[in-house]
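Colleague: My structure is in run09.csv, and what it holds is CSV, C-alpha atoms:
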chain,number,residue,atom,x,y,z
A,1,MET,CA,7.0,5.8,31.7
A,2,THR,CA,9.4,7.6,29.4
A,3,ASP,CA,8.7,9.6,26.3
A,4,LEU,CA,10.0,8.6,22.9
A,5,LEU,CA,11.7,11.2,20.8
A,6,LEU,CA,10.9,11.5,17.1
A,7,ARG,CA,14.5,10.4,16.3
A,8,ASP,CA,13.7,7.1,18.1
A,9,VAL,CA,10.6,6.5,16.0
A,10,VAL,CA,12.4,7.4,12.8
A,11,GLU,CA,15.1,5.0,13.7
A,12,ALA,CA,12.5,2.2,14.3
A,13,LEU,CA,10.7,2.9,11.0
A,14,ASP,CA,14.0,3.0,9.1
A,15,GLY,CA,14.8,-0.4,10.6
A,16,LEU,CA,11.5,-1.8,9.4
A,17,TYR,CA,11.7,-0.1,6.0
A,18,PRO,CA,15.3,0.7,5.1
A,19,PRO,CA,15.5,3.9,3.1
A,20,GLY,CA,18.2,2.3,0.9
A,21,SER,CA,15.5,-0.2,-0.4
A,22,ALA,CA,13.5,2.7,-1.9
A,23,ALA,CA,13.5,3.3,-5.6
A,24,GLY,CA,16.0,5.9,-6.8
A,25,TRP,CA,13.2,8.3,-7.9
A,26,ASP,CA,11.3,8.0,-4.6
A,27,GLN,CA,11.1,10.3,-1.7
A,28,VAL,CA,10.9,8.6,1.7
A,29,GLY,CA,11.6,9.3,5.3
A,30,LEU,CA,11.1,12.3,7.5
A,31,VAL,CA,9.3,15.2,5.7
A,32,ALA,CA,8.6,17.5,8.6
A,33,GLY,CA,9.4,17.6,12.3
A,34,ASP,CA,12.1,18.1,15.0
A,35,LEU,CA,14.0,15.0,15.8
A,36,ASP,CA,14.1,16.0,19.4
A,37,GLN,CA,10.3,16.5,19.8
A,38,PRO,CA,8.5,13.9,21.9
A,39,VAL,CA,6.2,11.5,20.3
A,40,ARG,CA,3.3,10.1,22.3
A,41,ARG,CA,0.7,9.5,19.6
A,42,VAL,CA,1.2,8.3,16.0
A,43,LEU,CA,-1.4,8.3,13.3
A,44,LEU,CA,-1.0,6.0,10.3
A,45,ALA,CA,-2.7,6.7,7.0
A,46,LEU,CA,-2.2,5.8,3.3
A,47,ASP,CA,-2.2,9.4,2.1
A,48,PRO,CA,-1.1,12.7,3.7
A,49,THR,CA,-4.4,14.6,2.9
A,50,LEU,CA,-5.7,17.6,4.6
A,51,ALA,CA,-8.4,15.6,6.3
A,52,VAL,CA,-5.8,13.2,7.7
A,53,VAL,CA,-3.8,16.0,9.1
A,54,ASP,CA,-6.9,17.5,10.6
A,55,GLU,CA,-7.6,14.2,12.3
A,56,ALA,CA,-4.1,14.1,13.6
A,57,VAL,CA,-4.3,17.5,15.1
A,58,GLU,CA,-7.8,16.9,16.6
A,59,TRP,CA,-6.5,13.6,18.2
A,60,GLY,CA,-3.4,15.2,19.5
A,61,ALA,CA,-1.0,13.2,17.3
A,62,ASP,CA,2.7,14.1,17.3
A,63,LEU,CA,3.5,12.2,14.1
A,64,VAL,CA,1.7,11.1,11.0
A,65,VAL,CA,3.1,8.1,9.1
A,66,THR,CA,1.9,7.6,5.6
A,67,HIS,CA,2.7,5.3,2.7
A,68,HIS,CA,2.4,7.8,-0.1
A,69,PRO,CA,4.7,10.8,0.0
A,70,LEU,CA,3.5,14.4,0.2
A,71,LEU,CA,6.4,15.9,-1.7
A,72,LEU,CA,7.3,13.3,-4.3
A,73,ARG,CA,7.8,16.0,-7.0
A,74,GLY,CA,9.4,19.4,-6.5
A,75,ILE,CA,7.3,22.3,-5.3
A,76,HIS,CA,8.2,26.0,-5.2
A,77,SER,CA,5.8,27.3,-2.6
A,78,VAL,CA,4.2,26.2,0.6
A,79,ALA,CA,1.6,28.9,0.6
A,80,THR,CA,-1.8,27.8,1.9
A,81,THR,CA,-3.3,28.7,-1.5
A,82,ASP,CA,-2.1,25.3,-2.6
A,83,ALA,CA,-3.2,22.0,-1.1
A,84,LYS,CA,0.3,20.7,-0.5
A,85,GLY,CA,1.3,24.0,1.0
A,86,ALA,CA,-1.8,24.1,3.2
A,87,THR,CA,-1.0,20.5,4.4
A,88,LEU,CA,2.6,21.3,5.3
A,89,THR,CA,1.7,24.5,6.9
A,90,ARG,CA,-1.0,22.9,9.1
A,91,LEU,CA,1.5,20.2,10.1
A,92,VAL,CA,4.3,22.6,11.1
A,93,THR,CA,2.1,25.1,12.9
A,94,ALA,CA,0.5,22.3,14.9
A,95,GLY,CA,3.8,20.7,15.7
A,96,VAL,CA,3.0,17.4,14.0
A,97,ALA,CA,5.8,15.5,12.2
A,98,LEU,CA,5.3,13.7,8.9
A,99,PHE,CA,7.1,10.5,7.8
A,100,ASN,CA,6.5,8.2,4.8
A,101,ALA,CA,7.6,4.8,3.7
A,102,HIS,CA,6.7,4.2,0.1
A,103,THR,CA,8.6,1.9,-2.3
A,104,ASN,CA,10.8,0.7,0.6
A,105,ALA,CA,7.5,-0.5,2.2
A,106,ASP,CA,6.4,-2.1,-1.0
A,107,VAL,CA,9.5,-4.4,-1.1
A,108,ALA,CA,9.7,-5.0,2.6
A,109,GLN,CA,9.1,-8.4,4.2
A,110,PRO,CA,6.6,-7.9,5.7
A,111,GLY,CA,5.4,-5.0,3.5
A,112,VAL,CA,2.5,-3.8,1.4
A,113,SER,CA,2.4,-6.8,-1.0
A,114,SER,CA,3.3,-9.5,1.5
A,115,VAL,CA,0.5,-8.3,3.8
A,116,LEU,CA,-1.9,-8.5,0.8
A,117,ALA,CA,-0.6,-12.1,0.1
A,118,ASP,CA,-1.3,-12.9,3.8
A,119,ALA,CA,-4.8,-11.6,3.6
A,120,LEU,CA,-5.5,-13.9,0.6
A,121,GLY,CA,-4.0,-17.0,2.3
A,122,LEU,CA,-1.2,-17.5,-0.2
A,123,GLN,CA,1.2,-20.4,0.6
A,124,GLU,CA,4.7,-21.4,-0.7
A,125,ARG,CA,5.4,-17.8,-1.7
A,126,ARG,CA,8.1,-16.6,-4.0
A,127,PRO,CA,8.9,-13.1,-5.4
A,128,LEU,CA,6.9,-12.0,-8.5
A,129,SER,CA,9.9,-10.0,-9.7
A,130,THR,CA,12.9,-8.1,-8.3
A,131,GLU,CA,14.0,-4.5,-8.5
A,132,THR,CA,17.4,-3.0,-8.0
A,133,MET,CA,16.9,-0.2,-5.5
A,134,ARG,CA,19.1,2.8,-4.5
A,135,ASP,CA,21.3,0.6,-2.3
A,136,GLY,CA,22.2,-1.4,-5.4
A,137,GLU,CA,20.6,-4.5,-4.0
A,138,SER,CA,17.8,-6.5,-5.6
A,139,TRP,CA,14.6,-6.5,-3.6
A,140,PRO,CA,11.4,-8.6,-4.2
A,141,LEU,CA,8.5,-6.7,-5.8
A,142,GLY,CA,5.2,-8.5,-5.5
A,143,TRP,CA,4.6,-12.2,-4.6
A,144,VAL,CA,3.3,-15.4,-6.1
A,145,GLY,CA,1.8,-18.1,-4.0
A,146,GLU,CA,-0.6,-21.0,-3.9
A,147,LEU,CA,-4.2,-21.3,-2.6
A,148,ALA,CA,-4.8,-24.2,-0.3
A,149,ASP,CA,-7.4,-25.5,-2.8
A,150,PRO,CA,-8.3,-24.5,-6.4
A,151,VAL,CA,-11.4,-22.4,-6.8
A,152,THR,CA,-13.2,-20.7,-9.6
A,153,LEU,CA,-12.3,-17.2,-10.6
A,154,ALA,CA,-15.7,-16.0,-9.5
A,155,ASP,CA,-15.3,-17.5,-6.1
A,156,PHE,CA,-11.8,-16.2,-5.8
A,157,ALA,CA,-13.0,-12.7,-6.7
A,158,ASP,CA,-15.6,-13.0,-3.9
A,159,ALA,CA,-12.8,-14.0,-1.5
A,160,VAL,CA,-10.7,-11.0,-2.5
A,161,ALA,CA,-13.7,-8.7,-1.8
A,162,ARG,CA,-14.1,-10.3,1.6
A,163,ALA,CA,-10.4,-10.0,2.5
A,164,LEU,CA,-10.1,-6.3,1.6
A,165,PRO,CA,-11.8,-3.3,3.0
A,166,ASP,CA,-14.8,-2.1,1.1
A,167,SER,CA,-14.0,0.0,-1.9
A,168,VAL,CA,-16.2,2.4,-3.8
A,169,GLY,CA,-15.1,0.9,-7.1
A,170,GLY,CA,-15.5,-2.7,-6.0
A,171,ILE,CA,-13.5,-5.5,-7.6
A,172,ARG,CA,-13.1,-5.5,-11.4
A,173,VAL,CA,-12.3,-8.9,-13.0
A,174,ALA,CA,-11.1,-9.9,-16.5
A,175,GLY,CA,-11.5,-13.6,-17.3
A,176,ASP,CA,-13.8,-16.5,-17.3
A,177,PRO,CA,-15.9,-16.7,-14.1
A,178,GLY,CA,-15.6,-20.5,-14.2
A,179,GLY,CA,-11.9,-20.5,-14.8
A,180,THR,CA,-9.7,-22.4,-12.3
A,181,VAL,CA,-7.5,-20.5,-9.9
A,182,ARG,CA,-4.7,-21.9,-7.8
A,183,THR,CA,-1.5,-19.9,-8.3
A,184,VAL,CA,-2.0,-16.3,-7.5
A,185,ALA,CA,0.3,-13.3,-8.1
A,186,VAL,CA,-0.2,-10.1,-6.1
A,187,LEU,CA,1.2,-6.6,-6.1
A,188,GLY,CA,-0.3,-3.9,-4.0
A,189,GLY,CA,-1.0,-0.6,-5.8
A,190,SER,CA,-0.4,0.1,-9.5
A,191,GLY,CA,0.8,-3.1,-11.3
A,192,ASP,CA,-0.1,-3.2,-15.0
A,193,ASP,CA,3.6,-3.0,-15.9
A,194,ARG,CA,4.2,-6.5,-14.5
A,195,PHE,CA,2.1,-8.6,-16.8
A,196,ASP,CA,5.2,-10.3,-18.3
A,197,ASP,CA,6.4,-11.3,-14.9
A,198,VAL,CA,3.0,-12.7,-14.0
A,199,GLU,CA,3.0,-14.8,-17.2
A,200,ARG,CA,6.5,-16.1,-16.5
A,201,ALA,CA,5.5,-17.0,-13.0
A,202,GLY,CA,2.7,-19.2,-14.3
A,203,ALA,CA,0.1,-17.4,-12.2
A,204,ASP,CA,-3.6,-18.2,-12.9
A,205,VAL,CA,-4.7,-14.8,-11.6
A,206,TYR,CA,-3.0,-11.5,-10.8
A,207,VAL,CA,-4.4,-9.2,-8.1
A,208,THR,CA,-3.3,-5.6,-8.3
A,209,ALA,CA,-4.8,-2.1,-9.0
A,210,ASP,CA,-5.0,0.8,-11.4
A,211,LEU,CA,-5.3,-1.5,-14.5
A,212,ARG,CA,-5.7,0.5,-17.7
A,213,HIS,CA,-7.8,-0.4,-20.7
A,214,HIS,CA,-5.1,-1.0,-23.3
A,215,PRO,CA,-2.6,-3.0,-21.3
A,216,VAL,CA,-5.5,-5.2,-19.9
A,217,LEU,CA,-7.0,-5.7,-23.4
A,218,GLU,CA,-3.7,-6.7,-24.9
A,219,ALA,CA,-3.0,-9.1,-22.0
A,220,ARG,CA,-6.4,-10.7,-22.3
A,221,GLU,CA,-5.9,-11.0,-26.1
A,222,GLN,CA,-2.5,-12.6,-25.5
A,223,ALA,CA,-4.0,-15.1,-23.1
A,224,ARG,CA,-6.7,-16.1,-25.6
A,225,GLY,CA,-9.3,-16.1,-22.9
A,226,GLY,CA,-7.4,-18.3,-20.5
A,227,PRO,CA,-5.1,-17.4,-17.6
A,228,PRO,CA,-3.6,-15.3,-16.2
A,229,TYR,CA,-6.8,-13.7,-15.3
A,230,LEU,CA,-6.8,-10.2,-13.9
A,231,VAL,CA,-8.3,-8.7,-10.7
A,232,ASP,CA,-8.2,-4.9,-10.2
A,233,ALA,CA,-9.0,-4.6,-6.5
A,234,GLY,CA,-8.3,-0.8,-6.2
A,235,HIS,CA,-5.2,1.1,-5.1
A,236,TRP,CA,-6.5,2.2,-1.7
A,237,ALA,CA,-7.9,-1.3,-0.8
A,238,THR,CA,-4.9,-3.3,-1.8
A,239,GLU,CA,-2.4,-1.1,0.1
A,240,SER,CA,-4.4,0.0,3.2
A,241,LEU,CA,-4.1,-3.4,4.8
A,242,TRP,CA,-0.5,-2.6,5.5
A,243,LEU,CA,-1.4,0.2,8.0
A,244,ALA,CA,-2.5,-2.2,10.7
A,245,ASP,CA,0.6,-4.3,10.2
A,246,VAL,CA,3.0,-1.4,10.5
A,247,ARG,CA,1.2,-0.1,13.6
A,248,GLU,CA,1.8,-3.5,15.4
A,249,ARG,CA,5.4,-3.7,14.3
A,250,LEU,CA,6.3,-0.2,15.1
A,251,LEU,CA,4.8,-0.5,18.6
A,252,ALA,CA,6.6,-3.8,19.1
A,253,VAL,CA,10.0,-2.3,18.1
A,254,VAL,CA,9.8,0.9,20.2
A,255,SER,CA,8.5,-1.1,23.2
A,256,GLU,CA,11.4,-3.6,23.0
A,257,GLU,CA,14.2,-1.1,22.6
A,258,GLY,CA,13.8,1.0,25.6
A,259,ALA,CA,15.0,0.1,29.1
A,260,ALA,CA,11.9,1.5,30.6
A,261,PRO,CA,8.2,1.3,29.4
A,262,VAL,CA,7.5,4.0,26.8
A,263,ARG,CA,4.5,6.3,26.6
A,264,VAL,CA,3.2,5.9,23.1
A,265,GLU,CA,0.1,4.9,21.3
A,266,ALA,CA,-0.7,4.5,17.6
A,267,ARG,CA,-3.9,4.1,15.5
A,268,VAL,CA,-4.9,3.8,11.9
A,269,SER,CA,-6.6,6.8,10.5
A,270,ARG,CA,-10.4,6.8,10.2
A,271,VAL,CA,-10.2,8.9,7.1
A,272,ARG,CA,-10.7,6.9,3.8
A,273,THR,CA,-8.4,8.5,1.4
A,274,GLU,CA,-9.8,6.6,-1.6
A,275,PRO,CA,-10.6,9.5,-4.0
A,276,TRP,CA,-13.7,7.9,-5.5
A,277,THR,CA,-17.1,8.6,-3.9
A,278,PHE,CA,-19.7,6.7,-6.0
A,279,VAL,CA,-20.2,4.7,-9.2
A,280,VAL,CA,-23.1,4.4,-11.5
A,281,GLY,CA,-24.1,1.9,-14.2
A,282,ALA,CA,-21.7,-0.8,-12.9
A,283,ASN,CA,-24.1,-3.6,-13.9
A,284,ALA,CA,-25.2,-2.1,-17.2
A,285,ALA,CA,-22.9,-4.4,-19.2
A,286,GLN,CA,-22.9,-8.2,-18.8
A,287,PRO,CA,-19.6,-9.9,-18.3
A,288,HIS,CA,-18.0,-11.6,-21.3
A,289,PRO,CA,-17.0,-15.2,-20.7
A,290,GLY,CA,-13.5,-14.7,-22.0
A,291,GLY,CA,-12.9,-11.5,-20.1
A,292,ALA,CA,-12.8,-9.3,-23.3
A,293,PRO,CA,-15.4,-8.3,-25.9
What do you get writing this file as structure tokens?
Modeller:
Amino acid sequence: MTDLLLRDVVEALDGLYPPGSAAGWDQVGLVAGDLDQPVRRVLLALDPTLAVVDEAVEWGADLVVTHHPLLLRGIHSVATTDAKGATLTRLVTAGVALFNAHTNADVAQPGVSSVLADALGLQERRPLSTETMRDGESWPLGWVGELADPVTLADFADAVARALPDSVGGIRVAGDPGGTVRTVAVLGGSGDDRFDDVERAGADVYVTADLRHHPVLEAREQARGGPPYLVDAGHWATESLWLADVRERLLAVVSEEGAAPVRVEARVSRVRTEPWTFVVGANAAQPHPGGAP
């Protein structure tokens, strides 16, 4: 058995999620770590929180791979008085490397949104829209596909809830519970800037997250009570499915490339980085048939 080096794992991850396919404003790739350090254990998580780093240290991980970046915006101190500084200091002092794939994982095939589409059983898929990334190429952002059979919006929402990990906020739906759903658009994570794309795609329903009051209200008014209906399934829930997929693909790549068997294992973090802890009064208001007051 041979040890992988961090540079080997970074090369494998960059092959799965090319850094050139990230948005120009994004920060992706290696955040901390020595490229020549051995990597025997890899922990995968959605967010690089202190609890995730503690889990990595306790498990003996050499590398943490996350979707969301720790240092997306500039900082001027890594003192432990700040959460980001404490996180980075903990990583460095423990010898744990940190890598993230963000918007380059969003547009990958397979990637965050395609894994979500797989979970919902979408067939005959096509891109919801495209984005020009830092490499100057157009990459697919979100997917549109067909269900095997049409269902009601209420039944579809139940299916979404079953397909995704449990979320504190549950599934929020805007639309007629009895409305017919066949063509489905999906975009993991925040997606209320894509309503025009969803309408042009002819989708009956759009599954995404972080939907805000005013954009949703305007979209439902524009739809006059009909499709496209909207499903807010939560940021953490819609993106966390990707973690198991990247684990399998990373292990497959590093196992195939070496001439000798490699000594490496990987697991998905047991820490739920969803920030919400509970809700109250969720059933206080009855749903409106048209999805808006």
Colleague: Could you check which of A:Asp14, A:Asp192, A:Asp210, A:Glu239 is closest to Asp47 in chain A, using all atoms listed in the file?
Modeller: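 When distances to Asp47 in chain A are compared using all atoms listed in the file, the smallest one comes from A:Glu239.
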Colleague: State, in Å with one decimal place, the distance from CA of Thr273 in chain A to CA of His67 in chain A.
Modeller: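 Between these atoms lies a distance of 11.6 Å.
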Colleague: Please measure the separation of CA of Trp25 in chain A and CA of Leu98 in chain A, giving the value in Å to one decimal.
Modeller: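 Computing it gives 19.3 Å between the two atoms.
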Colleague: Extract, using all atoms listed in the file, all DNA, RNA and protein residues at most 8 Å from Trp143 in chain A, discarding same-chain residues fewer than 2 positions from it, and format them as number ranges by chain.
Modeller: A: 113-114, 117, 125-129, 140-141, 145, 185-187
Colleague: Between CA of Ala219 in chain A and CA of Asp196 in chain A, what is the spacing in Å?
Modeller: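 Going from CA of Asp196 in chain A over to CA of Ala219 in chain A covers 9.1 Å.
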